[in-house]
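Have a look at the structure below before the remarks.
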Amino acid sequence: MSAFNHWLQQRLTKTKEAGLYRECRTMHGAPRPEMVVEGERQLVFSSNNYLGLAGDSRLVAAAENALQAFGVGSSGSRLTTGHTTWHKKLEETLAAFKQTEAALLFSSGYLANIGVLSSLPTQQDVIFSDQFNHASIIDGCRLSKAKTVVYRHVDMDDLEEKLAQATTYERRFIVTDGVFSMDGTIAPLDQTMQLAERYDAFVIVDDAHGTGVLGEHGRGTCAYFQVKPHVLIGTLSKAVGAEGGYVAGSRALIDFLRNHARSFIFQTSLPPAICAAADAALEIIAHDEEKRHRLAKNAREIRTRLQELGYTVYGDNTPIIPVIIGATDQAVRVAKQLQDVGIYAPAIRPPTVPDGESRIRLTVTADHCDAHIAHLITTFQEIGTELRQPL
Ligand code: PMP
């Protein structure tokens, strides 16, 4: 083995010894509640396809039509090569959906967070970031020249204390997820906005998990609280069922990002067919209340039934349902037990979550039916009985 690979193997051995080694599973077919995973039929409780749109025939048709007309790849970055009518149309649709002046597409939500945080706050500024913000926010803060101060998860008293102490900076930014990806918590955006006003701060919200799920017409967590932050970030890869990220806000913000966000400037733009599919999805999301109601009902049902069984379940009524197991090896064992009876739900371990809070992170969709939920609950009931006995 070469010295290079030997060195990597040594590092991987340490990862394995810590119980943190991961691999990807191969899924077959369009995302649906029942899929073939690694050759076995599994009931999937791990998808962000909250409204079941990723495999929806209307999105597929929209993408197919655009594929025929525009081809597969977009062939270049937008500033050097130009963009298609679909990029333009989707940005207009996003701005209308988010009720902002304008919107800008990125190749992913990850890159949207990186682009905003690395370009907007300057060296003279400070960013207040929730402890459990998504990795792409953390990485964006790392790339920023501003100072980052982390406040306790959704703790508005802690945020206020830290804001009050930050008197030497030119500008203050508060950045938060709308719905937290590992805890299923909804950020208290009403209080966040009040604090921002009191302490003269700008608010950035990453609503990757709230869009399509919360608020009137599924407009997201900001609509749920009826607030308008300065910068709205999102992804098209979850409830929207497509791919890509975006920022919505004032025309000045979008002009600024188009000229300064490096992850926009230097990225090949999204394939036009993906833009067409996302555009079709936003039309469905804005008008199909039924899907959203089914999703909320499913989430409430699973959350309540698990709590009745004695499980600690974090978060608010969102489709992200973290079932706290505790020790990492035990969470991995529970994930395996679930898989053995045909349920796919991942164990989430440190460093993604704090030590001692390893969990099974269930995500539910509008397409899960009563029988799917009954199978999940019965299995957790059986596992719960075993967990109470020494394993
Ligand atoms: N923000 C949050 C809160 C997320 O959960 C994710 C995806 N896991 C992202 C951003 C990144 O979005 P994308 O997958 O579009 O890069």
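Residue numbering restarts at 1 for every chain of the structure tokens, chains are lettered A, B, ... in their displayed order, and ligands are numbered from 1 as they appear.
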
**Message:** Show me, as number ranges by chain, the residues that have an atom within 9 Å of Gln339 in chain A when counting only C-alpha atoms, minus same-chain residues fewer than 6 positions from it.
**Reply:** A: 42-43, 345

Expected file contents, prior selection, C-alpha atoms, as a PDB file, in the first residue's frame:
```pdb
ATOM      1  CA  GLN A  42     -37.514  -1.028   2.761  1.00  0.00           C
ATOM      2  CA  LEU A  43     -39.949   1.465   4.162  1.00  0.00           C
ATOM      3  CA  ALA A 345     -34.036   5.334   9.210  1.00  0.00           C
TER       4      ALA A 345
END
```

**Nearby residues, ligand 1, 10 Å, only C-alpha atoms and all ligand atoms, as an MDAnalysis selection string** = chainID A and resid 48 106:114 132:137 176:182 205:210 233:238 242:246

**Prompt:** Could you pull out the alpha helix (DSSP H) residues of range 233-299 of chain A from DSSP and send them as JSON, numbers by chain?
**Reply:** {"A": [251, 252, 253, 254, 255, 256, 257, 258, 259, 260, 262, 263, 264, 265, 272, 273, 274, 275, 276, 277, 278, 279, 280, 281, 282, 283, 284, 285, 286, 287, 289, 290, 291, 292, 293, 294, 295, 296, 297, 298, 299]}

Find the residues of range 64-181 of chain A that sit at most 10 Å from range 258-274 of chain A; for each, write down the nearest two atoms and how far apart they are in Å, to one decimal. Count only C-alpha atoms. Sort by chain, then by number going up, and give it as CSV.
```
residue,atom,partner,partner_atom,distance
A:Glu64,CA,A:Ala273,CA,7.0
A:Asn65,CA,A:Ala273,CA,7.7
A:Ala66,CA,A:Ala273,CA,4.8
A:Leu67,CA,A:Ala273,CA,5.3
A:Gln68,CA,A:Ala273,CA,8.8
A:Ala69,CA,A:Ala273,CA,8.9
A:Phe70,CA,A:Pro272,CA,6.7
A:Gly71,CA,A:Ala273,CA,7.9
A:Val72,CA,A:Pro271,CA,6.3
A:Gly73,CA,A:Pro271,CA,5.2
A:Ser74,CA,A:Pro271,CA,5.0
A:Ser75,CA,A:Thr268,CA,6.8
A:Gly76,CA,A:Thr268,CA,4.6
A:Ser77,CA,A:Thr268,CA,4.1
A:Arg78,CA,A:Ser269,CA,6.0
A:Leu79,CA,A:Ile265,CA,6.6
A:Thr80,CA,A:Ile265,CA,8.7
A:Thr81,CA,A:Thr268,CA,9.0
A:Gly82,CA,A:Ser269,CA,9.0
A:His83,CA,A:Ser269,CA,7.6
A:Thr84,CA,A:Pro272,CA,6.8
A:Thr85,CA,A:Pro272,CA,8.3
A:Trp86,CA,A:Pro272,CA,5.7
A:His87,CA,A:Pro272,CA,6.6
A:Lys88,CA,A:Pro272,CA,10.0
A:Leu90,CA,A:Pro272,CA,9.6
A:Leu104,CA,A:Arg258,CA,7.5
A:Leu105,CA,A:Phe264,CA,7.9
A:Phe106,CA,A:Phe264,CA,5.8
A:Ser107,CA,A:Leu270,CA,5.5
A:Ser108,CA,A:Leu270,CA,8.7
A:Tyr110,CA,A:Ser263,CA,9.5
A:Leu111,CA,A:Ser263,CA,5.7
A:Ala112,CA,A:Ser263,CA,7.2
A:Asn113,CA,A:Ser263,CA,9.1
A:Ile114,CA,A:Ser263,CA,6.9
A:Gly115,CA,A:Ala261,CA,4.6
A:Val116,CA,A:Ala261,CA,6.3
A:Leu117,CA,A:Ala261,CA,8.7
A:Ser118,CA,A:Ala261,CA,7.2
A:Ser119,CA,A:Ala261,CA,5.5
A:Leu120,CA,A:Ala261,CA,8.2
```

**Item:** Residue neighbourhood range 16-30 of chain A, 7 Å, only C-alpha atoms, exclusion window fewer than 6 positions, as a PyMOL selection string
**Value:** chain A and resi 36-38+55+329

**Message:** I'd like the contact shell of Ile284 in chain A - 10 Å cut-off, only C-alpha atoms, skipping same-chain residues fewer than 4 positions apart - returned as an NGL selection string.
**Reply:** :A and (51 or 53 or 58-59 or 212 or 217 or 240 or 278-280 or 288-289 or 291)

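One finds CA of Glu170 in chain A at 9.1 Å from CA of Gln123 in chain A.
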
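Residue nearest Val44 in chain A, chosen from A:Leu12, A:Val364, A:Leu306, A:Ala374 and counting only C-alpha atoms: A:Val364.
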
What lies within 12 Å of Tyr314 in chain A using only C-alpha atoms, ignoring chain neighbours under 2 positions off, as a short mmCIF file (atom, residue, chain, number, x, y, z; two decimals) with N, CA and C atoms, in the first residue's frame?
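So result05.cif came out as:
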```cif
data_model
loop_
_atom_site.label_atom_id
_atom_site.label_comp_id
_atom_site.auth_asym_id
_atom_site.auth_seq_id
_atom_site.Cartn_x
_atom_site.Cartn_y
_atom_site.Cartn_z
N PHE A 180 -34.79 23.22 12.25
CA PHE A 180 -33.46 22.63 12.44
C PHE A 180 -33.42 21.19 11.98
N SER A 181 -32.40 20.89 11.19
CA SER A 181 -32.39 19.64 10.44
C SER A 181 -32.19 18.40 11.30
N MET A 182 -31.56 18.51 12.44
CA MET A 182 -31.32 17.33 13.27
C MET A 182 -32.24 17.29 14.48
N ASP A 183 -32.88 18.42 14.81
CA ASP A 183 -33.72 18.47 16.00
C ASP A 183 -35.20 18.68 15.70
N GLY A 184 -35.52 19.09 14.49
CA GLY A 184 -36.91 19.30 14.12
C GLY A 184 -37.55 20.49 14.83
N THR A 185 -36.71 21.34 15.44
CA THR A 185 -37.21 22.53 16.16
C THR A 185 -37.55 23.62 15.15
N ILE A 186 -38.57 24.41 15.46
CA ILE A 186 -38.86 25.60 14.66
C ILE A 186 -38.20 26.79 15.37
N ARG A 303 -45.04 11.43 16.12
CA ARG A 303 -44.47 12.09 17.29
C ARG A 303 -45.24 11.71 18.57
N THR A 304 -46.58 11.82 18.50
CA THR A 304 -47.40 11.55 19.68
C THR A 304 -47.30 10.08 20.08
N LEU A 306 -44.94 7.90 19.54
CA LEU A 306 -43.62 7.56 20.10
C LEU A 306 -43.50 8.09 21.53
N GLN A 307 -44.02 9.28 21.75
CA GLN A 307 -43.98 9.84 23.12
C GLN A 307 -44.82 8.99 24.06
N TYR A 311 -40.70 7.29 24.51
CA TYR A 311 -39.47 7.79 23.87
C TYR A 311 -39.35 9.30 24.06
N THR A 312 -38.11 9.76 24.14
CA THR A 312 -37.85 11.20 24.11
C THR A 312 -37.75 11.59 22.64
N ASP A 316 -40.45 20.39 17.31
CA ASP A 316 -41.84 20.83 17.22
C ASP A 316 -42.55 19.97 16.19
N ASN A 317 -43.79 20.34 15.86
CA ASN A 317 -44.49 19.48 14.89
C ASN A 317 -44.01 19.75 13.46
N THR A 318 -42.86 19.17 13.16
CA THR A 318 -42.30 19.25 11.81
C THR A 318 -42.07 17.81 11.34
N PRO A 319 -41.80 17.60 10.06
CA PRO A 319 -41.61 16.22 9.57
C PRO A 319 -40.30 15.59 10.03
N ILE A 320 -39.47 16.35 10.75
CA ILE A 320 -38.21 15.80 11.28
C ILE A 320 -38.47 15.35 12.72
N ILE A 321 -38.33 14.03 12.93
CA ILE A 321 -38.71 13.47 14.23
C ILE A 321 -37.50 12.71 14.81
N PRO A 322 -36.70 13.39 15.65
CA PRO A 322 -35.52 12.74 16.21
C PRO A 322 -35.89 11.94 17.46
N VAL A 323 -35.65 10.64 17.41
CA VAL A 323 -35.95 9.76 18.56
C VAL A 323 -34.63 9.56 19.29
N ILE A 324 -34.52 10.09 20.48
CA ILE A 324 -33.23 10.09 21.19
C ILE A 324 -32.97 8.71 21.79
N ILE A 325 -31.82 8.16 21.45
CA ILE A 325 -31.44 6.85 21.98
C ILE A 325 -30.33 7.02 23.03
N GLU A 357 -26.32 12.10 22.69
CA GLU A 357 -27.64 12.36 22.10
C GLU A 357 -27.78 11.71 20.73
N SER A 358 -27.09 10.59 20.55
CA SER A 358 -27.27 9.86 19.29
C SER A 358 -28.73 9.49 19.15
N ARG A 359 -29.18 9.47 17.93
CA ARG A 359 -30.62 9.34 17.72
C ARG A 359 -30.96 8.64 16.42
N ILE A 360 -32.20 8.21 16.34
CA ILE A 360 -32.75 7.79 15.06
C ILE A 360 -33.51 9.00 14.54
N ARG A 361 -33.09 9.48 13.38
CA ARG A 361 -33.77 10.65 12.84
C ARG A 361 -34.78 10.19 11.80
N LEU A 362 -36.04 10.23 12.21
CA LEU A 362 -37.10 9.87 11.28
C LEU A 362 -37.52 11.11 10.51
#
```

**Message:** Which residues are close to Gln194 in chain A, i.e. within 12 Å by only C-alpha atoms, leaving aside same-chain residues fewer than 3 positions away? Reply as a PyMOL selection string.
**Reply:** chain A and resi 156+159-160+174+188-191+197-203+225+227-229

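Distance-wise, CA of Thr352 in chain A and CA of Leu309 in chain A end up 25.9 Å apart.
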
**Prompt:** Using the chain letters and numbers from this document, which residues of range 109-175 of chain A does DSSP assign to strand (DSSP E), as an MDAnalysis selection string?
**Reply:** chainID A and resid 126:130 147:151 172:175

Save the residues we just selected, N, CA and C atoms, as a CSV table (one decimal), in the first residue's frame?
```
chain,number,residue,atom,x,y,z
A,126,VAL,N,-20.2,41.2,13.1
A,126,VAL,CA,-20.2,40.0,13.9
A,126,VAL,C,-21.5,39.2,13.4
A,127,ILE,N,-21.3,37.9,13.4
A,127,ILE,CA,-22.4,37.0,13.1
A,127,ILE,C,-22.8,36.2,14.3
A,128,PHE,N,-24.1,36.2,14.7
A,128,PHE,CA,-24.6,35.4,15.8
A,128,PHE,C,-25.3,34.2,15.2
A,129,SER,N,-24.8,33.0,15.5
A,129,SER,CA,-25.2,31.8,14.8
A,129,SER,C,-25.7,30.8,15.9
A,130,ASP,N,-26.9,30.2,15.6
A,130,ASP,CA,-27.5,29.2,16.5
A,130,ASP,C,-26.6,28.0,16.6
A,147,LYS,N,-16.5,38.1,12.7
A,147,LYS,CA,-16.4,37.3,13.9
A,147,LYS,C,-17.7,36.5,14.1
A,148,THR,N,-17.6,35.2,14.5
A,148,THR,CA,-18.8,34.4,14.7
A,148,THR,C,-19.0,34.2,16.2
A,149,VAL,N,-20.2,34.4,16.7
A,149,VAL,CA,-20.5,34.1,18.1
A,149,VAL,C,-21.7,33.1,18.1
A,150,VAL,N,-21.5,32.0,18.7
A,150,VAL,CA,-22.5,31.0,18.7
A,150,VAL,C,-23.4,31.2,19.9
A,151,TYR,N,-24.7,31.2,19.7
A,151,TYR,CA,-25.7,31.3,20.9
A,151,TYR,C,-26.4,29.9,21.1
A,172,ARG,N,-24.3,43.8,13.0
A,172,ARG,CA,-24.6,42.5,13.6
A,172,ARG,C,-25.5,41.7,12.6
A,173,PHE,N,-25.2,40.5,12.5
A,173,PHE,CA,-26.0,39.6,11.7
A,173,PHE,C,-26.5,38.4,12.6
A,174,ILE,N,-27.7,38.0,12.5
A,174,ILE,CA,-28.2,36.8,13.2
A,174,ILE,C,-28.5,35.8,12.1
A,175,VAL,N,-27.9,34.6,12.2
A,175,VAL,CA,-28.2,33.6,11.2
A,175,VAL,C,-28.8,32.3,11.9
```

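The spacing separating CA of Leu214 in chain A from CA of Ala196 in chain A amounts to 22.3 Å.
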
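Closest approach to Leu376 in chain A among A:Gly326, A:Phe45, A:Ala54, A:Gly356 is made by A:Phe45 (distances from only C-alpha atoms).
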
**Request:** May I ask which of the residues A:Val231, A:Cys141, A:Ile343, A:Ala331 is the closest one to Arg251 in chain A, counting only C-alpha atoms?
**Result:** A:Val231

**Near-Thr365 in chain A list (8 Å; only C-alpha atoms; drop same-chain fewer than 5 positions) as number ranges by chain** = A: 33, 47-52, 295, 298, 319

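Minimum atom-to-atom distance to Asp367 in chain A, evaluated using only C-alpha atoms, belongs to A:Arg32 out of A:Arg305, A:Lys336, A:His293, A:Arg32.
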